[in-house]
file model.pdb (PDB, C-alpha atoms)
MODEL        1
ATOM      1  CA  MET D 804       9.405 -24.161  25.821
ATOM      2  CA  THR D 805       9.761 -26.074  22.548
ATOM      3  CA  TYR D 806      13.243 -27.329  23.365
ATOM      4  CA  ILE D 807      12.110 -28.509  26.792
ATOM      5  CA  PHE D 808       9.380 -30.506  25.068
ATOM      6  CA  TYR D 809      11.855 -32.051  22.616
ATOM      7  CA  ILE D 810      14.276 -33.067  25.387
ATOM      8  CA  THR D 811      11.437 -34.574  27.433
ATOM      9  CA  ILE D 812      10.082 -36.591  24.489
ATOM     10  CA  VAL D 813      13.554 -38.013  23.749
ATOM     11  CA  LEU D 814      14.132 -38.956  27.400
ATOM     12  CA  LEU D 815      10.723 -40.632  27.669
ATOM     13  CA  SER D 816      11.391 -42.597  24.464
ATOM     14  CA  LEU D 817      14.755 -43.782  25.799
ATOM     15  CA  GLY D 818      13.174 -44.952  29.056
ATOM     16  CA  MET D 819      10.500 -46.789  27.129
ATOM     17  CA  ILE D 820      13.099 -48.458  24.890
ATOM     18  CA  PHE D 821      14.954 -49.733  27.980
ATOM     19  CA  SER D 822      11.688 -51.069  29.407
ATOM     20  CA  ILE D 823      10.914 -52.867  26.137
ATOM     21  CA  ILE D 824      14.367 -54.474  26.141
ATOM     22  CA  ARG D 825      13.739 -55.720  29.677
ATOM     23  CA  PHE D 826      10.281 -56.889  28.598
ATOM     24  CA  ILE D 827      11.705 -58.984  25.758
ATOM     25  CA  LYS D 828      14.727 -60.505  27.537
ATOM     26  CA  GLY D 829      13.398 -60.673  31.111
ATOM     27  CA  PRO D 830      13.943 -64.148  32.540
ATOM     28  CA  THR D 831      10.813 -64.445  34.715
ATOM     29  CA  ALA D 832       7.188 -63.366  34.489
ATOM     30  CA  GLY D 833       7.715 -60.810  37.271
ATOM     31  CA  ASP D 834      10.241 -58.866  35.206
ATOM     32  CA  ARG D 835       7.842 -58.621  32.295
ATOM     33  CA  THR D 836       4.976 -57.498  34.515
ATOM     34  CA  LEU D 837       7.259 -54.911  36.113
ATOM     35  CA  ALA D 838       8.208 -53.606  32.675
ATOM     36  CA  LEU D 839       4.481 -53.254  31.876
ATOM     37  CA  ASP D 840       3.933 -51.318  35.118
ATOM     38  CA  THR D 841       6.829 -48.942  34.438
ATOM     39  CA  MET D 842       5.653 -48.374  30.871
ATOM     40  CA  THR D 843       2.173 -47.520  32.175
ATOM     41  CA  THR D 844       3.549 -44.779  34.422
ATOM     42  CA  LEU D 845       5.788 -43.471  31.625
ATOM     43  CA  MET D 846       2.822 -43.386  29.278
ATOM     44  CA  VAL D 847       0.642 -41.460  31.767
ATOM     45  CA  ALA D 848       3.316 -38.748  31.925
ATOM     46  CA  GLY D 849       3.654 -38.765  28.135
ATOM     47  CA  LEU D 850      -0.095 -38.427  27.600
ATOM     48  CA  VAL D 851      -0.281 -35.428  29.958
ATOM     49  CA  LEU D 852       2.614 -33.807  28.105
ATOM     50  CA  LEU D 853       1.002 -34.434  24.709
ATOM     51  CA  SER D 854      -2.317 -32.952  25.863
ATOM     52  CA  ALA D 855      -0.448 -29.855  27.067
ATOM     53  CA  VAL D 856       1.315 -29.530  23.710
ATOM     54  CA  PHE D 857      -1.918 -29.935  21.729
ATOM     55  CA  ASN D 858      -3.520 -27.417  24.142
ATOM     56  CA  ARG D 859      -6.754 -29.405  24.533
ATOM     57  CA  PHE D 860      -8.163 -29.751  28.008
ATOM     58  CA  ILE D 861     -10.317 -32.776  27.154
ATOM     59  CA  TYR D 862      -7.270 -34.930  26.284
ATOM     60  CA  VAL D 863      -6.249 -35.091  29.941
ATOM     61  CA  ASP D 864      -9.150 -37.484  30.575
ATOM     62  CA  VAL D 865      -7.309 -40.305  28.774
ATOM     63  CA  ALA D 866      -4.333 -39.928  31.113
ATOM     64  CA  LEU D 867      -6.721 -39.780  34.069
ATOM     65  CA  ILE D 868      -8.343 -43.079  33.021
ATOM     66  CA  TYR D 869      -4.892 -44.632  32.673
ATOM     67  CA  GLY D 870      -3.867 -43.403  36.100
ATOM     68  CA  VAL D 871      -7.017 -44.814  37.672
ATOM     69  CA  LEU D 872      -7.256 -48.175  35.884
ATOM     70  CA  GLY D 873      -3.630 -48.899  34.995
ATOM     71  CA  PHE D 874      -2.766 -50.908  38.081
ATOM     72  CA  ILE D 875      -5.671 -53.376  37.921
ATOM     73  CA  GLY D 876      -4.036 -55.529  35.244
ATOM     74  CA  VAL D 877      -0.771 -55.690  37.188
ATOM     75  CA  ILE D 878      -2.599 -56.679  40.378
ATOM     76  CA  VAL D 879      -4.537 -59.444  38.582
ATOM     77  CA  ILE D 880      -1.343 -60.882  37.049
ATOM     78  CA  ALA D 881       0.435 -60.680  40.423
ATOM     79  CA  ARG D 882      -2.415 -62.481  42.188
ATOM     80  CA  TYR D 883      -2.312 -65.208  39.541
ATOM     81  CA  LEU D 884       1.438 -65.627  40.003
ATOM     82  CA  GLU D 885       0.935 -65.800  43.750
ATOM     83  CA  GLY D 886      -1.641 -68.528  43.270
ATOM     84  CA  ALA D 887      -4.432 -66.786  45.160
ATOM     85  CA  LEU D 888      -6.742 -65.783  42.312
TER      86      LEU D 888
ATOM     87  CA  MET R 594       9.055 -16.107  29.076
ATOM     88  CA  SER R 595       6.933 -15.655  32.135
ATOM     89  CA  ILE R 596       7.744 -16.915  35.588
ATOM     90  CA  TYR R 597       5.236 -19.775  35.209
ATOM     91  CA  GLU R 598       7.036 -21.133  32.153
ATOM     92  CA  ILE R 599      10.435 -21.034  33.875
ATOM     93  CA  ILE R 600       9.299 -22.855  37.031
ATOM     94  CA  GLY R 601       7.199 -25.349  35.078
ATOM     95  CA  GLY R 602      10.025 -26.024  32.620
ATOM     96  CA  ILE R 603      12.443 -26.796  35.427
ATOM     97  CA  LEU R 604       9.897 -29.170  37.004
ATOM     98  CA  ILE R 605       9.286 -30.893  33.655
ATOM     99  CA  LEU R 606      13.021 -31.407  33.079
ATOM    100  CA  ILE R 607      13.499 -32.858  36.571
ATOM    101  CA  GLY R 608      10.605 -35.254  35.963
ATOM    102  CA  ALA R 609      11.947 -36.314  32.566
ATOM    103  CA  VAL R 610      15.381 -37.072  34.013
ATOM    104  CA  PHE R 611      13.863 -39.169  36.792
ATOM    105  CA  LEU R 612      11.663 -41.088  34.347
ATOM    106  CA  PHE R 613      14.699 -41.830  32.191
ATOM    107  CA  LEU R 614      16.628 -43.025  35.248
ATOM    108  CA  GLY R 615      13.721 -45.319  36.136
ATOM    109  CA  GLY R 616      13.863 -46.902  32.696
ATOM    110  CA  LEU R 617      17.636 -47.267  32.926
ATOM    111  CA  GLY R 618      17.319 -48.916  36.330
ATOM    112  CA  ILE R 619      14.839 -51.402  34.869
ATOM    113  CA  TYR R 620      17.474 -52.374  32.342
ATOM    114  CA  ARG R 621      20.560 -52.378  34.551
ATOM    115  CA  MET R 622      19.607 -53.879  37.919
ATOM    116  CA  PRO R 623      20.460 -57.544  38.650
ATOM    117  CA  ASP R 624      17.303 -59.114  40.104
ATOM    118  CA  VAL R 625      13.600 -58.458  40.387
ATOM    119  CA  TYR R 626      13.595 -56.727  43.788
ATOM    120  CA  ASN R 627      16.202 -54.158  42.756
ATOM    121  CA  ARG R 628      14.236 -53.565  39.570
ATOM    122  CA  LEU R 629      11.133 -52.967  41.680
ATOM    123  CA  GLN R 630      12.952 -50.247  43.629
ATOM    124  CA  ALA R 631      14.216 -48.515  40.517
ATOM    125  CA  GLY R 632      11.060 -48.901  38.492
ATOM    126  CA  THR R 633       8.597 -47.765  41.126
ATOM    127  CA  LYS R 634      10.187 -45.054  43.269
ATOM    128  CA  ALA R 635      12.044 -43.096  40.601
ATOM    129  CA  THR R 636       9.132 -43.385  38.184
ATOM    130  CA  THR R 637       6.601 -42.182  40.764
ATOM    131  CA  LEU R 638       8.663 -39.097  41.622
ATOM    132  CA  GLY R 639       9.325 -38.353  37.954
ATOM    133  CA  ALA R 640       5.678 -38.637  36.917
ATOM    134  CA  MET R 641       4.556 -36.440  39.834
ATOM    135  CA  SER R 642       7.109 -33.744  39.015
ATOM    136  CA  LEU R 643       6.339 -33.754  35.292
ATOM    137  CA  ILE R 644       2.559 -33.560  35.765
ATOM    138  CA  LEU R 645       2.922 -30.761  38.334
ATOM    139  CA  GLY R 646       5.189 -28.905  35.919
ATOM    140  CA  VAL R 647       2.588 -29.115  33.141
ATOM    141  CA  GLY R 648      -0.033 -27.770  35.550
ATOM    142  CA  VAL R 649       2.218 -24.848  36.527
ATOM    143  CA  VAL R 650       2.948 -23.994  32.879
ATOM    144  CA  LYS R 651      -0.762 -23.941  32.041
ATOM    145  CA  MET R 652      -1.615 -21.920  35.170
ATOM    146  CA  GLU R 653      -1.274 -18.519  33.557
ATOM    147  CA  ASP R 654      -4.038 -19.327  31.055
ATOM    148  CA  SER R 655      -6.572 -20.967  33.331
ATOM    149  CA  TRP R 656      -6.833 -22.542  36.772
ATOM    150  CA  THR R 657      -8.689 -25.652  35.628
ATOM    151  CA  TRP R 658      -5.566 -27.527  34.554
ATOM    152  CA  ILE R 659      -3.923 -27.637  37.953
ATOM    153  CA  VAL R 660      -7.026 -29.185  39.576
ATOM    154  CA  LYS R 661      -7.088 -32.144  37.180
ATOM    155  CA  MET R 662      -3.312 -32.543  37.489
ATOM    156  CA  ALA R 663      -3.737 -32.744  41.278
ATOM    157  CA  ILE R 664      -6.313 -35.534  40.803
ATOM    158  CA  ILE R 665      -3.913 -37.472  38.556
ATOM    159  CA  ILE R 666      -1.070 -37.010  41.067
ATOM    160  CA  ILE R 667      -3.252 -38.338  43.903
ATOM    161  CA  PHE R 668      -4.233 -41.410  41.890
ATOM    162  CA  ILE R 669      -0.618 -42.126  40.916
ATOM    163  CA  ALA R 670       0.459 -41.809  44.540
ATOM    164  CA  PHE R 671      -2.188 -44.364  45.514
ATOM    165  CA  SER R 672      -1.953 -46.886  42.697
ATOM    166  CA  ASN R 673       1.795 -47.188  42.103
ATOM    167  CA  PRO R 674       2.818 -48.545  45.555
ATOM    168  CA  ILE R 675      -0.177 -50.919  45.535
ATOM    169  CA  SER R 676       0.895 -52.601  42.301
ATOM    170  CA  SER R 677       4.544 -52.684  43.388
ATOM    171  CA  HIS R 678       3.621 -54.312  46.688
ATOM    172  CA  ALA R 679       1.444 -56.932  44.982
ATOM    173  CA  LEU R 680       4.240 -57.778  42.545
ATOM    174  CA  ALA R 681       6.902 -58.082  45.267
ATOM    175  CA  ARG R 682       4.578 -60.285  47.323
ATOM    176  CA  ALA R 683       3.934 -62.562  44.347
ATOM    177  CA  MET R 684       7.642 -62.860  43.629
ATOM    178  CA  TYR R 685       8.317 -63.693  47.263
ATOM    179  CA  HIS R 686       5.673 -66.405  47.324
ATOM    180  CA  ARG R 687       7.250 -67.982  44.240
ATOM    181  CA  LYS R 688      10.679 -68.202  45.962
ATOM    182  CA  ARG R 689      12.509 -65.678  43.838
ATOM    183  CA  TYR R 690      15.730 -65.319  45.773
ATOM    184  CA  PRO R 691      17.442 -61.912  45.761
ATOM    185  CA  TYR R 692      20.833 -61.505  44.170
ATOM    186  CA  ILE R 693      23.654 -61.648  46.699
ATOM    187  CA  LYS R 694      27.321 -61.663  45.832
ATOM    188  CA  GLY R 695      28.952 -64.946  46.809
ATOM    189  CA  ASP R 696      25.976 -67.223  46.104
ATOM    190  CA  ALA R 697      24.160 -66.888  49.412
ATOM    191  CA  LYS R 698      20.659 -68.126  48.675
ATOM    192  CA  ASP R 699      18.817 -67.659  51.932
ATOM    193  CA  MET R 700      15.791 -65.624  52.948
ATOM    194  CA  ASP R 701      15.277 -66.698  56.539
ATOM    195  CA  ALA R 702      14.324 -63.311  57.928
ATOM    196  CA  TYR R 703      11.565 -62.858  55.372
ATOM    197  CA  ARG R 704      10.417 -66.430  55.864
ATOM    198  CA  GLU R 705       9.905 -65.877  59.580
ATOM    199  CA  VAL R 706       7.981 -62.661  58.960
ATOM    200  CA  ALA R 707       5.633 -64.363  56.524
ATOM    201  CA  GLY R 708       4.812 -67.022  59.104
ATOM    202  CA  LYS R 709       5.204 -70.039  56.839
ATOM    203  CA  ASP R 710       7.789 -72.750  56.664
ATOM    204  CA  ASP R 711       7.816 -73.072  52.916
ATOM    205  CA  PRO R 712       6.642 -70.081  50.875
ATOM    206  CA  SER R 713       6.107 -72.189  47.776
ATOM    207  CA  ASP R 714       3.089 -73.932  49.284
ATOM    208  CA  THR R 715       0.615 -71.670  47.572
ATOM    209  CA  SER R 716       2.348 -71.702  44.195
ATOM    210  CA  PRO R 717       0.003 -72.961  41.464
ATOM    211  CA  ASP R 718       2.568 -74.954  39.542
ATOM    212  CA  GLU R 719       5.303 -76.182  41.798
ATOM    213  CA  GLY R 720       8.783 -77.044  40.631
ATOM    214  CA  GLU R 721       8.580 -74.837  37.584
ATOM    215  CA  ASN R 722      11.292 -72.266  37.274
ATOM    216  CA  ILE R 723       9.703 -69.375  35.411
TER     217      ILE R 723
ATOM    218  CA  MET J1220       5.333 -31.097  12.558
ATOM    219  CA  ASN J1221       8.496 -33.194  12.739
ATOM    220  CA  TYR J1222       8.027 -34.371  16.293
ATOM    221  CA  LEU J1223       4.610 -35.863  15.473
ATOM    222  CA  LEU J1224       6.186 -38.048  12.800
ATOM    223  CA  PHE J1225       8.796 -39.184  15.331
ATOM    224  CA  ILE J1226       6.149 -40.075  17.932
ATOM    225  CA  ILE J1227       3.936 -41.903  15.427
ATOM    226  CA  GLY J1228       6.863 -43.892  14.030
ATOM    227  CA  PHE J1229       8.087 -44.868  17.482
ATOM    228  CA  LEU J1230       4.619 -46.002  18.595
ATOM    229  CA  LEU J1231       4.102 -47.995  15.396
ATOM    230  CA  LEU J1232       7.432 -49.770  15.874
ATOM    231  CA  VAL J1233       6.497 -50.670  19.464
ATOM    232  CA  LEU J1234       3.065 -51.861  18.305
ATOM    233  CA  ILE J1235       4.308 -54.129  15.508
ATOM    234  CA  GLY J1236       7.214 -55.555  17.504
ATOM    235  CA  THR J1237       5.053 -56.408  20.503
ATOM    236  CA  ALA J1238       2.338 -57.927  18.292
ATOM    237  CA  VAL J1239       4.882 -60.230  16.611
ATOM    238  CA  TYR J1240       6.231 -61.179  20.046
ATOM    239  CA  ALA J1241       2.720 -61.956  21.335
ATOM    240  CA  VAL J1242       1.873 -64.155  18.348
ATOM    241  CA  ARG J1243       5.121 -66.153  18.380
ATOM    242  CA  GLN J1244       5.259 -66.676  22.151
ATOM    243  CA  ARG J1245       4.595 -70.236  23.378
ATOM    244  CA  ASP J1246       3.852 -69.196  26.968
ATOM    245  CA  LEU J1247       0.350 -67.733  27.049
ATOM    246  CA  LEU J1248       0.889 -65.617  30.178
ATOM    247  CA  TYR J1249       3.670 -63.695  28.396
ATOM    248  CA  ALA J1250       1.349 -63.188  25.438
ATOM    249  CA  VAL J1251      -1.279 -61.672  27.780
ATOM    250  CA  ILE J1252       1.303 -59.236  29.212
ATOM    251  CA  ALA J1253       2.287 -58.334  25.644
ATOM    252  CA  THR J1254      -1.388 -57.591  24.950
ATOM    253  CA  GLY J1255      -1.244 -54.984  27.733
ATOM    254  CA  VAL J1256       1.727 -53.317  26.046
ATOM    255  CA  ILE J1257      -0.149 -53.331  22.718
ATOM    256  CA  SER J1258      -3.111 -51.585  24.369
ATOM    257  CA  LEU J1259      -0.728 -48.995  25.874
ATOM    258  CA  ALA J1260       0.851 -48.066  22.546
ATOM    259  CA  LEU J1261      -2.518 -48.110  20.746
ATOM    260  CA  THR J1262      -4.019 -45.621  23.221
ATOM    261  CA  ALA J1263      -1.177 -43.141  22.710
ATOM    262  CA  LEU J1264      -1.438 -43.623  18.936
ATOM    263  CA  PHE J1265      -5.175 -42.844  18.971
ATOM    264  CA  LEU J1266      -4.506 -39.720  21.044
ATOM    265  CA  VAL J1267      -1.808 -38.474  18.681
ATOM    266  CA  LEU J1268      -4.098 -39.092  15.687
ATOM    267  CA  GLN J1269      -6.752 -36.762  17.227
ATOM    268  CA  ALA J1270      -9.332 -39.342  18.319
ATOM    269  CA  PRO J1271      -9.681 -38.951  22.102
ATOM    270  CA  ASP J1272     -12.986 -40.819  22.408
ATOM    271  CA  VAL J1273     -11.564 -43.968  20.803
ATOM    272  CA  ALA J1274      -8.499 -43.619  23.025
ATOM    273  CA  LEU J1275     -10.724 -43.366  26.094
ATOM    274  CA  THR J1276     -12.611 -46.550  25.182
ATOM    275  CA  GLU J1277      -9.400 -48.404  24.364
ATOM    276  CA  ALA J1278      -7.863 -47.373  27.685
ATOM    277  CA  ALA J1279     -10.875 -48.493  29.700
ATOM    278  CA  ILE J1280     -11.313 -51.847  27.942
ATOM    279  CA  GLY J1281      -7.793 -52.809  26.920
ATOM    280  CA  VAL J1282      -6.132 -52.257  30.275
ATOM    281  CA  ALA J1283      -8.538 -53.778  32.753
ATOM    282  CA  LEU J1284     -11.168 -55.930  31.076
ATOM    283  CA  THR J1285      -9.071 -57.836  28.514
ATOM    284  CA  THR J1286      -6.338 -58.700  31.014
ATOM    285  CA  ILE J1287      -8.793 -59.923  33.651
ATOM    286  CA  ILE J1288     -10.722 -62.110  31.196
ATOM    287  CA  PHE J1289      -7.568 -63.649  29.708
ATOM    288  CA  ILE J1290      -6.032 -64.328  33.126
ATOM    289  CA  ILE J1291      -9.210 -66.053  34.323
ATOM    290  CA  THR J1292      -9.191 -68.105  31.116
ATOM    291  CA  ILE J1293      -5.568 -69.150  31.674
ATOM    292  CA  ARG J1294      -6.347 -70.004  35.297
ATOM    293  CA  ASN J1295      -9.212 -72.286  34.223
ATOM    294  CA  THR J1296      -7.425 -73.987  31.299
ATOM    295  CA  VAL J1297      -3.677 -74.329  30.701
ATOM    296  CA  ARG J1298      -0.780 -71.905  30.776
ATOM    297  CA  TYR J1299       1.376 -73.438  28.034
ATOM    298  CA  GLU J1300       0.416 -74.109  24.467
ATOM    299  CA  ASP J1301       2.152 -77.459  24.467
ATOM    300  CA  GLU J1302       3.089 -79.739  27.317
ATOM    301  CA  LYS J1303       6.726 -79.912  26.233
ATOM    302  CA  ASP J1304       7.081 -76.107  26.483
ATOM    303  CA  LYS J1305       6.973 -76.367  30.248
ATOM    304  CA  LYS J1306      10.476 -75.743  31.532
TER     305      LYS J1306
ENDMDL
END
call {"tool": "encode", "arguments": {"input": "model.pdb", "output": "structure tokens"}}
result
Amino acid sequence: MTYIFYITIVLLSLGMIFSIIRFIKGPTAGDRTLALDTMTTLMVAGLVLLSAVFNRFIYVDVALIYGVLGFIGVIVIARYLEGAL
Amino acid sequence: MSIYEIIGGILILIGAVFLFLGGLGIYRMPDVYNRLQAGTKATTLGAMSLILGVGVVKMEDSWTWIVKMAIIIIFIAFSNPISSHALARAMYHRKRYPYIKGDAKDMDAYREVAGKDDPSDTSPDEGENI
Amino acid sequence: MNYLLFIIGFLLLVLIGTAVYAVRQRDLLYAVIATGVISLALTALFLVLQAPDVALTEAAIGVALTTIIFIITIRNTVRYEDEKDKK
């Protein structure tokens, strides 16, 4: 179980590094917003995994809040880019 | 190792691989629509599989984990396509043309579906390329 | 305890790099998106450092409220810091 956790943490870090590279060099605002969206989903999975490793049931609430509220910022930025805000 | 740990470990590894592929697709794909496909679909499946795997691993201790994991999975399944759709719609209204080999910059089919002659009418700052 | 050091170091690198990017950026919309990334890394850092209540507050405020207020501010004022930054 420990090795599975190590492999998962390394893979999540690599995915987040690729998203940060796209966030820094992305040519338009849509690419950067998309990188933020992908990093939000990656971070929800990472928070659930960390709460399982720490073995605390109350830590899952942070991931739940992120899953509920994480898309509001992306929708607001997208509506601004569309010009309809 | 119990049977819960084996099944949950396999689910967690599948989810981790799909999340990594989503991040790689964000980096590798040529334009913003392809990046939307890679960054939303693969990431949604990976997050669902990983969270379900954590719930299955914790199932032999208590049954309260899997209920909260199901709530998180339902919220991810609702919120991820909504944000992806809003982003693709915004990029379409700002005339982001998709990447086609051979320099074919035309989106006539989409333009007819949207019901407008010029999609850049509602853009807040026209003529600006970012 | 080695993996905790790895996670904390990675999150700190993301935090500092994104903060420098947000300060030096001339386009204010990109700085607002960078603020979202800062809030993301800060929440995970608070959770790793055993403070779940602070992480909960940071997640609720930093994701939704800050982004909405800054976007409405940019909508009502200007997007670029200087007029010659407009490409």
call {"tool": "axis_aligned_box", "arguments": {"input": "model.pdb", "around": "segment 808-821 of chain D", "padding_each_side": "6 Å", "output": "AutoDock Vina command-line options"}}
result
--center_x 12.2 --center_y -40.1 --center_z 25.8 --size_x 17.6 --size_y 31.2 --size_z 18.4
call {"tool": "resolve_selection", "arguments": {"input": "model.pdb", "expression": "the ChimeraX specification (/D :<6) & /J", "output": "mmCIF file with C-alpha atoms, in the frame of the given file"}}
result
data_model
loop_
_atom_site.group_PDB
_atom_site.id
_atom_site.type_symbol
_atom_site.label_atom_id
_atom_site.label_comp_id
_atom_site.auth_asym_id
_atom_site.auth_seq_id
_atom_site.Cartn_x
_atom_site.Cartn_y
_atom_site.Cartn_z
ATOM 1 C CA LEU J 1275 -10.724 -43.366 26.094
ATOM 2 C CA ALA J 1283 -8.538 -53.778 32.753
ATOM 3 C CA THR J 1286 -6.338 -58.700 31.014
#
call {"tool": "closest_atom_pairs", "arguments": {"input": "model.pdb", "of": "chain R", "to": "chain D", "cutoff": "8 Å", "atoms": "all atoms listed in the file", "output": "JSON lines"}}
result
{"residue": "R:Glu598", "atom": "CA", "partner": "D:Met804", "partner_atom": "CA", "distance": 7.4}
{"residue": "R:Gly602", "atom": "CA", "partner": "D:Ile807", "partner_atom": "CA", "distance": 6.7}
{"residue": "R:Ile605", "atom": "CA", "partner": "D:Thr811", "partner_atom": "CA", "distance": 7.5}
{"residue": "R:Leu606", "atom": "CA", "partner": "D:Thr811", "partner_atom": "CA", "distance": 6.7}
{"residue": "R:Ala609", "atom": "CA", "partner": "D:Thr811", "partner_atom": "CA", "distance": 5.4}
{"residue": "R:Val610", "atom": "CA", "partner": "D:Leu814", "partner_atom": "CA", "distance": 7.0}
{"residue": "R:Leu612", "atom": "CA", "partner": "D:Gly818", "partner_atom": "CA", "distance": 6.7}
{"residue": "R:Phe613", "atom": "CA", "partner": "D:Gly818", "partner_atom": "CA", "distance": 4.7}
{"residue": "R:Leu614", "atom": "CA", "partner": "D:Gly818", "partner_atom": "CA", "distance": 7.3}
{"residue": "R:Gly615", "atom": "CA", "partner": "D:Gly818", "partner_atom": "CA", "distance": 7.1}
{"residue": "R:Gly616", "atom": "CA", "partner": "D:Gly818", "partner_atom": "CA", "distance": 4.2}
{"residue": "R:Leu617", "atom": "CA", "partner": "D:Phe821", "partner_atom": "CA", "distance": 6.1}
{"residue": "R:Ile619", "atom": "CA", "partner": "D:Ser822", "partner_atom": "CA", "distance": 6.3}
{"residue": "R:Tyr620", "atom": "CA", "partner": "D:Arg825", "partner_atom": "CA", "distance": 5.7}
{"residue": "R:Val625", "atom": "CA", "partner": "D:Asp834", "partner_atom": "CA", "distance": 6.2}
{"residue": "R:Arg628", "atom": "CA", "partner": "D:Leu837", "partner_atom": "CA", "distance": 7.9}
{"residue": "R:Leu629", "atom": "CA", "partner": "D:Leu837", "partner_atom": "CA", "distance": 7.1}
{"residue": "R:Gly632", "atom": "CA", "partner": "D:Thr841", "partner_atom": "CA", "distance": 5.9}
{"residue": "R:Thr633", "atom": "CA", "partner": "D:Thr841", "partner_atom": "CA", "distance": 7.0}
{"residue": "R:Thr636", "atom": "CA", "partner": "D:Thr844", "partner_atom": "CA", "distance": 6.9}
{"residue": "R:Thr637", "atom": "CA", "partner": "D:Thr844", "partner_atom": "CA", "distance": 7.5}
{"residue": "R:Ala640", "atom": "CA", "partner": "D:Ala848", "partner_atom": "CA", "distance": 5.5}
{"residue": "R:Leu643", "atom": "CA", "partner": "D:Ala848", "partner_atom": "CA", "distance": 6.7}
{"residue": "R:Ile644", "atom": "CA", "partner": "D:Ala848", "partner_atom": "CA", "distance": 6.5}
{"residue": "R:Val647", "atom": "CA", "partner": "D:Ala855", "partner_atom": "CA", "distance": 6.8}
{"residue": "R:Lys651", "atom": "CA", "partner": "D:Ala855", "partner_atom": "CA", "distance": 7.7}
{"residue": "R:Trp658", "atom": "CA", "partner": "D:Phe860", "partner_atom": "CA", "distance": 7.4}
{"residue": "R:Lys661", "atom": "CA", "partner": "D:Val863", "partner_atom": "CA", "distance": 7.9}
{"residue": "R:Ile664", "atom": "CA", "partner": "D:Leu867", "partner_atom": "CA", "distance": 8.0}
{"residue": "R:Ile665", "atom": "CA", "partner": "D:Leu867", "partner_atom": "CA", "distance": 5.8}
{"residue": "R:Phe668", "atom": "CA", "partner": "D:Val871", "partner_atom": "CA", "distance": 6.1}
{"residue": "R:Ile669", "atom": "CA", "partner": "D:Gly870", "partner_atom": "CA", "distance": 5.9}
{"residue": "R:Ser672", "atom": "CA", "partner": "D:Phe874", "partner_atom": "CA", "distance": 6.2}
{"residue": "R:Asn673", "atom": "CA", "partner": "D:Phe874", "partner_atom": "CA", "distance": 7.1}
{"residue": "R:Ile675", "atom": "CA", "partner": "D:Phe874", "partner_atom": "CA", "distance": 7.9}
{"residue": "R:Ser676", "atom": "CA", "partner": "D:Ile878", "partner_atom": "CA", "distance": 5.7}
{"residue": "R:Ala679", "atom": "CA", "partner": "D:Ala881", "partner_atom": "CA", "distance": 6.0}
{"residue": "R:Leu680", "atom": "CA", "partner": "D:Ala881", "partner_atom": "CA", "distance": 5.2}
{"residue": "R:Arg682", "atom": "CA", "partner": "D:Glu885", "partner_atom": "CA", "distance": 7.5}
{"residue": "R:Ala683", "atom": "CA", "partner": "D:Glu885", "partner_atom": "CA", "distance": 4.5}
{"residue": "R:Met684", "atom": "CA", "partner": "D:Gly833", "partner_atom": "CA", "distance": 6.7}
{"residue": "R:His686", "atom": "CA", "partner": "D:Glu885", "partner_atom": "CA", "distance": 6.0}
{"residue": "R:Arg687", "atom": "CA", "partner": "D:Glu885", "partner_atom": "CA", "distance": 6.7}
{"residue": "R:Thr715", "atom": "CA", "partner": "D:Gly886", "partner_atom": "CA", "distance": 5.8}
{"residue": "R:Ser716", "atom": "CA", "partner": "D:Gly886", "partner_atom": "CA", "distance": 5.2}
{"residue": "R:Pro717", "atom": "CA", "partner": "D:Gly886", "partner_atom": "CA", "distance": 5.1}
{"residue": "R:Ile723", "atom": "CA", "partner": "D:Thr831", "partner_atom": "CA", "distance": 5.1}
call {"tool": "residues_near_point", "arguments": {"input": "model.pdb", "point": "(6.0, -50.0, 18.1)", "cutoff": "10 Å", "atoms": "only C-alpha atoms", "output": "PyMOL selection string"}}
result
(chain D and resi 820+823) or (chain J and resi 1226-1238+1256-1257+1260-1261+1264)
call {"tool": "closest_residue", "arguments": {"input": "model.pdb", "among": "J:Leu1248, J:Gly1281, J:Glu1300, J:Ser1258", "to": "chain R", "atoms": "all atoms listed in the file"}}
result
J:Leu1248
call {"tool": "atom_distance", "arguments": {"input": "model.pdb", "atom1": "atom CA of Glu653 of chain R", "atom2": "atom CA of Ala1270 of chain J"}}
result
27.0 Å
call {"tool": "resolve_selection", "arguments": {"input": "model.pdb", "expression": "the PyMOL selection byres ((chain J and resi 1274) around 8)", "output": "ChimeraX atom specification"}}
result
/D:865 /J:1261-1263,1265-1266,1270-1273,1275-1278
call {"tool": "atom_distance", "arguments": {"input": "model.pdb", "atom1": "atom CA of Pro623 of chain R", "atom2": "atom CA of Val1242 of chain J"}}
result
28.3 Å
call {"tool": "closest_residue", "arguments": {"input": "model.pdb", "among": "R:Ala631, R:Ala681, R:Ile596, R:Ile603", "to": "Leu645 of chain R", "atoms": "all atoms listed in the file"}}
result
R:Ile603
call {"tool": "atom_distance", "arguments": {"input": "model.pdb", "atom1": "atom CA of Val660 of chain R", "atom2": "atom CA of Pro674 of chain R"}}
result
22.5 Å
